[in-house]
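S.K.: query16.cif (mmCIF, C-alpha atoms) pasted underneath:
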data_query
#
loop_
_atom_site.label_atom_id
_atom_site.label_comp_id
_atom_site.auth_asym_id
_atom_site.auth_seq_id
_atom_site.Cartn_x
_atom_site.Cartn_y
_atom_site.Cartn_z
CA MET A 16 -39.97 -89.61 -116.05
CA ALA A 17 -39.27 -87.57 -119.15
CA GLU A 18 -36.22 -85.40 -119.20
CA PRO A 19 -36.82 -81.59 -119.08
CA THR A 20 -36.64 -79.84 -122.28
CA THR A 21 -34.62 -76.76 -123.09
CA ALA A 22 -37.64 -74.56 -122.51
CA ASP A 23 -38.16 -76.01 -119.05
CA LEU A 24 -34.53 -75.39 -118.10
CA ALA A 25 -34.79 -71.79 -119.29
CA LYS A 26 -37.84 -71.22 -117.04
CA MET A 27 -36.05 -72.71 -114.00
CA ILE A 28 -33.00 -70.48 -114.56
CA GLU A 29 -35.21 -67.38 -114.72
CA ALA A 30 -36.92 -68.35 -111.42
CA LEU A 31 -33.57 -68.86 -109.66
CA THR A 32 -32.31 -65.52 -110.98
CA ALA A 33 -35.38 -63.73 -109.59
CA THR A 34 -34.94 -65.46 -106.20
CA VAL A 35 -31.26 -64.45 -105.96
CA ALA A 36 -32.12 -60.86 -106.84
CA SER A 37 -34.78 -60.77 -104.12
CA LEU A 38 -32.33 -62.15 -101.55
CA GLN A 39 -29.71 -59.57 -102.50
CA THR A 40 -32.25 -56.78 -102.02
CA SER A 41 -33.19 -58.09 -98.59
CA VAL A 42 -29.52 -58.34 -97.51
CA ALA A 43 -28.84 -54.78 -98.64
CA ALA A 44 -31.85 -53.48 -96.65
CA LEU A 45 -30.68 -55.31 -93.52
CA GLN A 46 -27.16 -53.94 -93.84
CA LYS A 47 -28.49 -50.42 -94.27
CA GLU A 48 -30.71 -50.73 -91.18
CA LYS A 49 -27.85 -52.13 -89.09
CA SER A 50 -25.57 -49.32 -90.18
CA ALA A 51 -28.17 -46.72 -89.13
CA SER A 52 -28.67 -48.34 -85.68
CA SER A 53 -24.88 -48.51 -85.11
CA SER A 54 -24.40 -44.84 -85.88
CA GLY A 55 -27.25 -43.93 -83.47
CA ALA A 56 -25.73 -46.05 -80.70
CA ASP A 57 -22.39 -44.27 -81.04
CA GLY A 58 -24.11 -40.91 -80.49
CA ALA A 59 -25.90 -42.05 -77.28
CA HIS A 60 -23.76 -44.70 -75.57
CA ASP A 61 -25.57 -46.30 -72.62
CA GLY A 62 -22.36 -47.25 -70.79
CA GLN A 63 -22.92 -51.02 -71.18
CA HIS A 64 -20.59 -53.49 -72.90
CA HIS A 65 -21.92 -55.36 -75.97
CA ASN A 66 -20.82 -58.78 -77.06
CA ASP A 67 -20.77 -57.80 -80.75
CA ARG A 68 -17.72 -55.55 -80.31
CA PRO A 69 -14.42 -55.77 -78.40
CA PRO A 70 -13.81 -53.63 -75.26
CA ARG A 71 -12.32 -50.18 -75.61
CA PHE A 72 -9.06 -50.22 -73.66
CA GLN A 73 -8.43 -46.69 -72.46
CA LYS A 74 -5.45 -45.33 -70.54
CA MET A 75 -6.73 -45.38 -66.96
CA ASP A 76 -4.73 -45.30 -63.72
CA PHE A 77 -5.57 -48.10 -61.33
CA PRO A 78 -6.43 -46.80 -57.82
CA LYS A 79 -3.90 -47.11 -55.00
CA PHE A 80 -4.63 -48.06 -51.37
CA ASP A 81 -2.30 -47.68 -48.37
CA GLY A 82 -4.67 -48.69 -45.53
CA LYS A 83 -5.05 -45.17 -44.08
CA SER A 84 -8.61 -44.55 -45.24
CA ASP A 85 -11.90 -46.38 -45.60
CA PRO A 86 -11.46 -49.21 -48.16
CA LEU A 87 -15.02 -48.77 -49.44
CA ALA A 88 -14.00 -46.11 -51.99
CA PHE A 89 -11.03 -48.21 -53.16
CA ILE A 90 -13.22 -51.28 -53.74
CA ASN A 91 -15.76 -49.21 -55.68
CA ARG A 92 -13.09 -47.77 -57.98
CA CYS A 93 -11.61 -51.22 -58.56
CA GLU A 94 -14.98 -52.65 -59.58
CA SER A 95 -15.58 -49.72 -61.95
CA PHE A 96 -12.19 -50.35 -63.56
CA PHE A 97 -12.88 -54.07 -63.89
CA HIS A 98 -16.27 -53.43 -65.49
CA GLN A 99 -15.02 -50.86 -67.97
CA GLN A 100 -11.98 -52.89 -69.06
CA ARG A 101 -13.75 -56.27 -68.90
CA ILE A 102 -11.17 -57.81 -66.59
CA ALA A 103 -11.48 -61.55 -66.03
CA GLU A 104 -12.55 -62.71 -62.57
CA GLU A 105 -9.29 -64.54 -61.84
CA GLU A 106 -7.22 -61.40 -62.57
CA LYS A 107 -9.09 -58.95 -60.29
CA VAL A 108 -7.33 -59.82 -57.02
CA TRP A 109 -3.92 -59.80 -58.72
CA MET A 110 -4.47 -56.30 -60.12
CA ALA A 111 -5.84 -54.95 -56.84
CA SER A 112 -3.05 -56.47 -54.70
CA TYR A 113 -0.40 -55.11 -57.08
CA ASN A 114 -1.64 -51.60 -56.29
CA LEU A 115 -1.59 -51.97 -52.50
CA GLU A 116 0.96 -49.87 -50.62
CA GLY A 117 2.41 -49.54 -47.13
CA THR A 118 0.44 -51.26 -44.38
CA ALA A 119 -2.07 -52.68 -46.86
CA GLN A 120 0.69 -54.42 -48.82
CA LEU A 121 2.16 -56.00 -45.68
CA TRP A 122 -1.33 -57.16 -44.68
CA TYR A 123 -1.90 -58.87 -48.06
CA MET A 124 1.42 -60.69 -47.81
CA GLN A 125 0.16 -62.30 -44.61
CA VAL A 126 -3.18 -63.16 -46.26
CA GLN A 127 -1.35 -64.96 -49.07
CA ARG A 128 0.66 -66.99 -46.56
CA ASP A 129 -2.52 -67.99 -44.68
CA GLU A 130 -5.09 -68.48 -47.47
CA GLY A 131 -3.27 -68.19 -50.76
CA THR A 132 -4.78 -65.90 -53.38
CA PRO A 133 -8.44 -65.44 -52.36
CA PRO A 134 -11.28 -64.78 -54.84
CA TRP A 135 -12.37 -61.19 -55.31
CA ARG A 136 -15.42 -61.40 -53.05
CA ARG A 137 -13.36 -62.92 -50.23
CA PHE A 138 -10.66 -60.29 -50.81
CA THR A 139 -13.15 -57.43 -50.31
CA GLU A 140 -14.49 -59.02 -47.10
CA LEU A 141 -10.98 -59.37 -45.65
CA LEU A 142 -10.10 -55.83 -46.69
CA ASN A 143 -13.18 -54.42 -44.95
CA LEU A 144 -12.50 -56.46 -41.81
CA ARG A 145 -8.93 -55.20 -41.58
CA PHE A 146 -9.25 -51.53 -42.62
CA GLY A 147 -12.99 -50.84 -42.36
CA PRO A 148 -15.03 -49.98 -39.26
CA PRO A 149 -15.09 -52.42 -36.30
CA LEU A 150 -17.08 -55.61 -36.73
CA ARG A 151 -19.57 -54.68 -33.99
CA ALA A 152 -19.98 -51.10 -35.17
CA ASN A 153 -23.39 -49.47 -35.51
CA PRO A 154 -23.15 -47.53 -38.79
CA LEU A 155 -26.83 -46.58 -38.87
CA GLY A 156 -26.66 -45.33 -35.29
CA GLU A 157 -23.52 -43.30 -36.09
CA LEU A 158 -25.32 -41.77 -39.08
CA MET A 159 -28.32 -40.77 -36.96
CA ALA A 160 -26.06 -39.40 -34.21
CA CYS A 161 -24.17 -37.19 -36.66
CA LYS A 162 -25.09 -33.56 -35.88
CA ARG A 163 -24.10 -30.22 -37.39
CA THR A 164 -21.69 -28.37 -35.12
CA THR A 165 -19.95 -26.03 -37.57
CA SER A 166 -20.84 -25.31 -41.20
CA VAL A 167 -23.31 -27.19 -43.39
CA VAL A 168 -20.50 -28.22 -45.77
CA ASP A 169 -18.56 -29.95 -42.98
CA PHE A 170 -21.71 -31.70 -41.75
CA GLN A 171 -22.57 -32.80 -45.31
CA GLU A 172 -19.10 -34.34 -45.78
CA ARG A 173 -19.34 -36.30 -42.51
CA PHE A 174 -22.87 -37.42 -43.42
CA GLU A 175 -21.83 -38.66 -46.87
CA ALA A 176 -18.86 -40.53 -45.36
CA LEU A 177 -21.17 -42.48 -43.01
CA LEU A 178 -24.04 -43.00 -45.45
CA PRO A 179 -22.55 -45.81 -47.64
CA ARG A 180 -22.10 -48.14 -44.65
CA ALA A 181 -25.52 -47.50 -43.12
CA GLY A 182 -27.21 -50.08 -45.37
CA PHE A 183 -30.18 -49.55 -47.66
CA LEU A 184 -32.24 -46.46 -46.91
CA SER A 185 -35.06 -44.98 -48.92
CA GLU A 186 -34.73 -41.45 -50.24
CA THR A 187 -37.28 -40.21 -47.72
CA GLN A 188 -35.33 -41.74 -44.83
CA LYS A 189 -32.09 -40.15 -46.03
CA VAL A 190 -33.74 -36.73 -46.22
CA GLN A 191 -35.27 -37.06 -42.76
CA ILE A 192 -32.01 -38.18 -41.10
CA PHE A 193 -30.02 -35.40 -42.79
CA THR A 194 -32.59 -32.74 -41.90
CA ALA A 195 -32.71 -33.82 -38.25
CA GLY A 196 -28.91 -33.61 -38.07
CA LEU A 197 -28.97 -29.95 -39.15
CA GLN A 198 -30.56 -29.06 -35.77
CA PRO A 199 -32.93 -26.13 -35.19
CA PRO A 200 -33.48 -23.51 -36.40
CA LEU A 201 -31.93 -24.55 -39.75
CA SER A 202 -33.62 -27.95 -39.72
CA LEU A 203 -37.03 -26.28 -39.32
CA ASP A 204 -36.38 -24.04 -42.32
CA VAL A 205 -35.45 -27.04 -44.49
CA GLU A 206 -38.50 -29.01 -43.36
CA ILE A 207 -40.78 -26.14 -44.37
CA HIS A 208 -39.57 -26.48 -47.99
CA ASN A 209 -40.25 -30.27 -47.92
CA PRO A 210 -37.35 -31.47 -50.15
CA GLN A 211 -38.01 -34.74 -51.96
CA SER A 212 -34.40 -35.88 -52.43
CA LEU A 213 -31.19 -35.81 -50.42
CA ALA A 214 -29.38 -33.71 -53.01
CA VAL A 215 -32.11 -31.05 -52.89
CA ALA A 216 -32.06 -31.04 -49.07
CA MET A 217 -28.28 -30.55 -48.99
CA SER A 218 -28.38 -27.73 -51.53
CA LEU A 219 -31.27 -26.07 -49.71
CA ALA A 220 -29.43 -26.24 -46.36
CA ARG A 221 -26.35 -24.56 -47.85
CA LYS A 222 -28.50 -21.81 -49.36
CA LEU A 223 -30.35 -21.14 -46.11
CA GLU A 224 -27.06 -21.01 -44.20
CA LEU A 225 -25.75 -18.44 -46.69
CA ARG A 226 -28.92 -16.39 -46.18
CA ASP A 227 -28.45 -16.39 -42.42
CA GLN A 228 -24.82 -15.31 -42.78
CA CYS A 229 -25.79 -12.40 -45.03
CA ALA A 230 -28.53 -11.33 -42.59
CA LEU A 231 -26.06 -11.45 -39.70
CA ALA A 232 -23.48 -9.42 -41.63
CA SER A 233 -26.02 -6.71 -42.47
CA ALA A 234 -27.38 -6.47 -38.89
CA PRO A 235 -26.22 -3.44 -36.86
CA PRO A 236 -23.38 -4.27 -34.47
CA VAL A 237 -24.22 -4.85 -30.81
CA ARG A 238 -22.31 -2.52 -28.56
CA PHE A 239 -20.67 -3.97 -25.49
CA GLN A 240 -18.57 -2.43 -22.78
CA GLN A 241 -14.89 -2.38 -23.38
CA LYS A 242 -14.33 -4.36 -20.18
CA GLY A 243 -16.54 -7.13 -18.87
CA ILE A 244 -19.75 -8.59 -20.23
CA LEU A 245 -22.22 -7.13 -17.75
CA PRO A 246 -24.11 -4.06 -18.98
CA ALA A 247 -23.09 -0.81 -17.40
CA PRO A 248 -25.43 0.23 -14.56
CA VAL A 249 -27.76 3.09 -15.36
CA PRO A 250 -26.42 6.14 -13.52
CA ARG A 251 -28.82 7.76 -11.09
CA LEU A 252 -28.57 11.09 -9.44
CA ALA A 253 -27.96 11.14 -5.70
CA PRO A 254 -31.00 11.95 -3.53
CA PRO A 255 -31.25 15.44 -2.06
CA ALA A 256 -28.70 15.93 0.67
CA PRO A 257 -30.11 16.15 4.24
CA ALA A 258 -29.83 19.28 6.28
CA PRO A 259 -26.18 19.91 7.06
CA PRO A 260 -25.18 18.96 10.64
CA ALA A 261 -23.17 21.12 12.97
CA ALA A 262 -19.87 20.07 11.41
CA PRO A 263 -20.66 18.76 7.91
CA GLN A 264 -18.18 16.46 6.24
CA PRO A 265 -17.02 17.79 2.85
CA ALA A 266 -18.61 15.97 -0.05
CA PRO A 267 -16.27 13.94 -2.25
CA VAL A 268 -15.01 15.77 -5.30
CA LEU A 269 -15.90 13.74 -8.41
CA PRO A 270 -14.26 14.17 -11.82
CA GLU A 271 -16.29 15.90 -14.45
CA GLY A 272 -18.98 13.63 -15.93
CA ARG A 273 -18.99 11.17 -12.98
CA GLN A 274 -22.17 10.37 -11.06
CA ILE A 275 -22.88 8.56 -7.80
CA LYS A 276 -24.46 5.07 -7.86
CA ARG A 277 -26.15 3.71 -4.73
CA LEU A 278 -25.91 0.00 -3.97
CA SER A 279 -28.55 -1.60 -1.78
CA GLN A 280 -27.77 -4.37 0.67
CA ALA A 281 -29.18 -6.98 -1.75
CA GLU A 282 -26.98 -5.68 -4.57
CA MET A 283 -23.95 -5.84 -2.31
CA GLU A 284 -24.71 -9.48 -1.39
CA GLU A 285 -25.13 -10.40 -5.07
CA ARG A 286 -21.79 -8.79 -5.97
CA ARG A 287 -20.09 -10.67 -3.13
CA ARG A 288 -21.56 -13.94 -4.42
CA LEU A 289 -20.33 -13.28 -7.97
CA GLY A 290 -16.94 -12.01 -6.82
CA LEU A 291 -17.45 -8.62 -8.49
CA CYS A 292 -16.05 -5.29 -7.43
CA PHE A 293 -18.45 -2.97 -5.58
CA ASN A 294 -17.43 -0.11 -7.87
CA CYS A 295 -17.56 -1.71 -11.35
CA ASN A 296 -18.51 -4.89 -13.18
CA GLU A 297 -15.01 -6.42 -13.17
CA LYS A 298 -13.84 -9.38 -11.09
CA PHE A 299 -12.27 -8.16 -7.84
CA GLY A 300 -8.66 -9.21 -7.22
CA ARG A 301 -5.37 -8.00 -5.86
CA GLY A 302 -4.47 -4.56 -7.19
CA HIS A 303 -7.94 -3.99 -8.70
CA ASN A 304 -8.45 -0.76 -6.71
CA ARG A 305 -5.70 0.90 -8.76
CA MET A 306 -7.56 0.12 -11.98
CA CYS A 307 -11.19 0.74 -10.95
CA GLN A 308 -12.68 3.63 -12.91
CA ARG A 309 -16.05 4.05 -11.12
CA ILE A 310 -17.14 5.60 -7.81
CA PHE A 311 -20.11 4.12 -5.94
CA LEU A 312 -21.82 4.98 -2.65
CA LEU A 313 -22.81 1.96 -0.55
CA ASP A 314 -26.35 2.54 0.76
CA LEU A 315 -26.30 0.78 4.15
CA ALA A 316 -29.15 0.50 6.66
CA PRO A 317 -28.39 2.75 9.68
CA ASP A 318 -28.42 1.45 13.22
CA ASP A 319 -30.34 4.52 14.46
CA ASP A 320 -30.59 8.24 13.84
CA ASP A 321 -27.97 9.14 16.45
CA ASP A 322 -25.46 6.76 14.92
CA ASP A 323 -26.04 8.30 11.50
CA ALA A 324 -25.39 11.76 12.84
CA ALA A 325 -22.24 10.61 14.61
CA SER A 326 -20.88 8.84 11.55
CA ALA A 327 -21.59 11.83 9.35
CA THR A 328 -19.86 14.32 11.64
CA ALA A 329 -16.66 12.47 12.40
CA ASP A 330 -14.35 10.03 10.65
CA ALA A 331 -13.72 6.58 12.08
CA SER A 332 -11.11 6.68 14.82
CA PRO A 333 -8.07 4.39 14.70
CA ALA A 334 -9.58 2.26 17.50
CA ASP A 335 -12.69 1.45 15.42
CA PRO A 336 -12.82 -2.11 14.03
CA ARG A 337 -11.71 -2.31 10.42
CA ILE A 338 -11.94 -5.11 7.84
CA SER A 339 -10.37 -5.32 4.38
CA LEU A 340 -12.57 -5.30 1.30
CA HIS A 341 -10.75 -8.48 0.21
CA ALA A 342 -12.00 -10.31 3.32
CA ILE A 343 -15.63 -9.12 3.40
CA SER A 344 -16.18 -9.76 -0.33
CA GLY A 345 -14.98 -13.35 -0.01
CA VAL A 346 -12.72 -13.22 -3.10
CA ARG A 347 -10.15 -16.01 -2.97
CA THR A 348 -6.81 -15.79 -4.74
CA SER A 349 -3.60 -17.76 -4.60
CA GLU A 350 -2.07 -15.02 -2.43
CA THR A 351 -4.52 -15.34 0.50
CA MET A 352 -3.58 -17.33 3.62
CA GLN A 353 -6.31 -19.72 4.76
CA MET A 354 -6.41 -22.32 7.50
CA HIS A 355 -8.87 -24.47 9.47
CA ILE A 356 -9.52 -23.75 13.13
CA THR A 357 -11.57 -25.70 15.68
CA LEU A 358 -14.26 -23.61 17.39
CA GLY A 359 -17.00 -25.16 19.49
CA GLY A 360 -16.04 -28.62 18.25
CA VAL A 361 -16.59 -27.58 14.61
CA SER A 362 -13.90 -27.12 11.92
CA LEU A 363 -14.22 -23.65 10.34
CA LEU A 364 -12.39 -22.06 7.40
CA ALA A 365 -10.49 -18.98 8.57
CA LEU A 366 -8.80 -16.23 6.57
CA ILE A 367 -5.59 -14.77 8.01
CA ASP A 368 -6.07 -11.09 7.11
CA PHE A 369 -3.49 -8.45 8.12
CA GLY A 370 -5.83 -5.77 6.75
CA SER A 371 -8.45 -6.44 9.51
CA THR A 372 -7.94 -5.03 13.00
CA HIS A 373 -10.38 -7.35 14.80
CA ASN A 374 -11.67 -10.91 14.50
CA PHE A 375 -14.95 -11.56 12.69
CA ILE A 376 -17.30 -14.56 12.41
CA ALA A 377 -20.26 -15.24 10.13
CA GLU A 378 -23.70 -15.91 11.63
CA GLU A 379 -23.93 -19.32 9.94
CA ALA A 380 -20.57 -20.35 11.40
CA ALA A 381 -21.60 -19.15 14.88
CA ALA A 382 -24.80 -21.20 14.65
CA ARG A 383 -22.84 -24.31 13.65
CA ALA A 384 -20.45 -23.80 16.56
CA THR A 385 -23.48 -23.37 18.93
CA LEU A 386 -22.19 -20.10 20.30
CA PRO A 387 -24.46 -18.17 22.69
CA SER A 388 -26.32 -15.11 21.47
CA PRO A 389 -23.99 -12.19 20.78
CA THR A 390 -23.96 -9.14 23.03
CA PRO A 391 -25.95 -6.34 21.36
CA GLU A 392 -23.48 -3.58 20.55
CA LYS A 393 -24.21 -0.67 18.27
CA MET A 394 -21.13 -0.20 16.17
CA ARG A 395 -20.08 -0.04 12.55
CA VAL A 396 -17.13 -1.77 10.93
CA THR A 397 -15.12 0.36 8.54
CA VAL A 398 -14.36 -1.36 5.22
CA ALA A 399 -11.05 -0.67 3.48
CA ASN A 400 -12.82 1.35 0.77
CA GLY A 401 -14.11 3.83 3.38
CA GLU A 402 -17.65 2.47 3.78
CA ARG A 403 -19.10 1.44 7.13
CA VAL A 404 -21.08 -1.80 7.68
CA PRO A 405 -23.29 -2.29 10.78
CA CYS A 406 -22.03 -4.93 13.20
CA GLN A 407 -24.59 -7.54 14.35
CA GLY A 408 -23.12 -8.05 17.84
CA ALA A 409 -20.03 -9.38 19.59
CA TYR A 410 -18.99 -12.78 21.01
CA ARG A 411 -16.71 -12.28 24.00
CA ALA A 412 -13.83 -14.57 25.05
CA VAL A 413 -14.52 -17.33 22.50
CA SER A 414 -12.16 -20.31 22.83
CA PHE A 415 -10.75 -21.93 19.69
CA HIS A 416 -7.79 -24.12 18.73
CA ILE A 417 -5.16 -23.80 16.02
CA ASP A 418 -3.21 -27.04 15.61
CA GLN A 419 -3.80 -28.19 19.21
CA GLU A 420 -2.93 -24.71 20.55
CA ALA A 421 -5.76 -23.07 22.54
CA PHE A 422 -6.65 -19.38 22.18
CA SER A 423 -9.40 -17.10 23.48
CA GLU A 424 -10.43 -14.02 21.51
CA ASP A 425 -13.40 -11.72 20.91
CA PHE A 426 -15.30 -12.06 17.60
CA LEU A 427 -17.59 -9.52 15.94
CA ALA A 428 -20.62 -10.85 14.03
CA LEU A 429 -20.52 -9.69 10.42
CA PRO A 430 -21.93 -11.00 7.11
CA LEU A 431 -18.98 -12.68 5.39
CA ALA A 432 -18.83 -14.18 1.90
CA GLY A 433 -16.66 -17.22 1.29
CA TYR A 434 -15.16 -17.59 4.78
CA ASP A 435 -16.44 -18.67 8.21
CA VAL A 436 -13.95 -16.65 10.26
CA VAL A 437 -11.57 -13.73 9.63
CA LEU A 438 -8.61 -13.56 12.01
CA GLY A 439 -7.32 -10.00 12.22
CA THR A 440 -4.16 -8.52 13.69
CA GLN A 441 -5.34 -9.11 17.27
CA ALA A 442 -5.53 -12.89 16.92
CA ILE A 443 -2.47 -13.02 14.67
CA GLY A 444 -0.39 -11.20 17.29
CA CYS A 445 -1.56 -13.48 20.10
CA ALA A 446 -0.98 -16.62 18.05
CA GLY A 447 2.49 -15.44 17.04
CA ALA A 448 3.44 -14.73 20.66
CA ALA A 449 2.18 -18.14 21.80
CA LEU A 450 4.10 -19.92 19.08
CA GLN A 451 7.24 -17.93 19.94
CA ASP A 452 6.92 -19.00 23.60
CA ARG A 453 6.70 -22.63 22.54
CA LEU A 454 9.82 -22.24 20.45
CA ASP A 455 11.70 -20.57 23.34
CA GLN A 456 10.93 -23.41 25.73
CA PRO A 457 13.83 -25.90 26.18
#
Give the structure from the file, written as structure tokens.

M.R.:
Amino acid sequence: MAEPTTADLAKMIEALTATVASLQTSVAALQKEKSASSSGADGAHDGQHHNDRPPRFQKMDFPKFDGKSDPLAFINRCESFFHQQRIAEEEKVWMASYNLEGTAQLWYMQVQRDEGTPPWRRFTELLNLRFGPPLRANPLGELMACKRTTSVVDFQERFEALLPRAGFLSETQKVQIFTAGLQPPLSLDVEIHNPQSLAVAMSLARKLELRDQCALASAPPVRFQQKGILPAPVPRLAPPAPAPPAAPQPAPVLPEGRQIKRLSQAEMEERRRLGLCFNCNEKFGRGHNRMCQRIFLLDLAPDDDDDDAASATADASPADPRISLHAISGVRTSETMQMHITLGGVSLLALIDFGSTHNFIAEEAAARATLPSPTPEKMRVTVANGERVPCQGAYRAVSFHIDQEAFSEDFLALPLAGYDVVLGTQAIGCAGAALQDRLDQP
């Protein structure tokens, strides 16, 4: 093969020079394109680490954990720190254990003695077992049972604390569980707006609650009585007075502005059942008569016309049977004296009442004791507030026992509330005398 001539060598050098120039142009274009892409990436960082550059070590405080709260948040912050700082797998447990405090630090010392230094995944499992919810817990059930009892903000915080442990839930399921926990009527308002995400549902619930609070603040105040929660009875004028009898009783003098209220027998029974005063809507108790501010007239059914005329013309005599308002209303306080007596083979609850002159028995108690029919007697029993209640008959010489001691007394039939029997001063005096005789015996 013939050796190349000088002309051939010159042509080869020119070709190589052109090739080198072309390669240099290509390299410059690639460098320029790479520089442009790098500057664009710095302006919109996607948060991911790239292998073509070292990690950016920033001054960040590692989270602390003392075992007094749910470890789920601590584990999440640790993993975020590891990802950002590109911590090696074998260093994760060391860094996390170094930042344990209190009970959590003592727990990890025991783990090291038993298992050595566990891998990170095993460390998180042990941490959840020790400081997380119980192993047999039902996190999804707890989330669904979470209900709003106070404000929406408090309910939202409790819901978000339970949500991470409830497992995977779709966005629709989260919205439905949260909305149901709001409870009507707020849950119905949120459902009408049909929120598509949990964040929108939470924001909407807070806004609707604020609307309801503003509407309540602007509403006119509801007026209540100063005392009690029952509405004041509507005052009614007294019916026209009947023709005055031969010796009319002077009408009661009422303060200016006061009116008379008539109570029917049914209203009286209802007030006895509720323990209310006959004259106002307050609970009846000892000393209430000194504070009562209302005057009522008890509208009682008369025995007959003659009895009405007699009661209107003359006051009750001292010999008439009397009963205290405390006994007939059936109001029990710690200051009343109660005991059980045996009457007709049945144990009955008796009230020892020094404000009652006679002995009284309820119809139900008489039926249980199988007493014979009462003797029909037309009389009225004077109540301590001045009203007169018709007596339903009398049981004569009824035998009963108090602590193995036998007694025989008369009982008047009267509607009682709360007690079976009321023992007045007659029975109390007899019982006291009998007990004194027993004490005097040698």

S.K.: Write out as a PyMOL selection string which residues come within 12 Å of Ala111 of chain A when counting all atoms listed in the file, dropping same-chain ones fewer than 3 positions away.

M.R.: chain A and resi 76-81+86+89-94+96-97+102+104-108+114-116+119-120+123+132-135+138-139+142

S.K.: To one decimal place in Å, what is the distance between atom CA of Ile356 of chain A and atom CA of Phe299 of chain A?

M.R.: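 Going from atom CA of Ile356 of chain A over to atom CA of Phe299 of chain A covers 26.3 Å.
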
S.K.: Can you give me, as a ChimeraX atom specification, the residues this file yields under the PyMOL selection byres ((chain A and resi 421-432) around 6)?

M.R.: /A:343-345,374-377,406-416,420,433-434

S.K.: Counting only C-alpha atoms, which residue out of A:Glu392, A:Glu206, A:Glu378, A:Glu224 sits closest to Arg163 of chain A?

M.R.: A:Glu224

S.K.: If you count all atoms listed in the file, which residues fall within 12 Å of Arg221 of chain A, apart from same-chain ones fewer than 2 positions away, as a PyMOL selection string?

M.R.: chain A and resi 166-171+194+197+201-202+204-205+214-219+223-228

S.K.: Tell me which residues the PyMOL selection byres ((chain A and resi 380) around 10) grabs here, as a list in words.

M.R.: Leu358, Val361, Ser362, Leu363, Leu364, Ile376, Ala377, Glu378, Glu379, Ala381, Ala382, Arg383, Ala384, Thr385, Leu386, Ala428, Leu431, Tyr434, Asp435 and Val436 of chain A
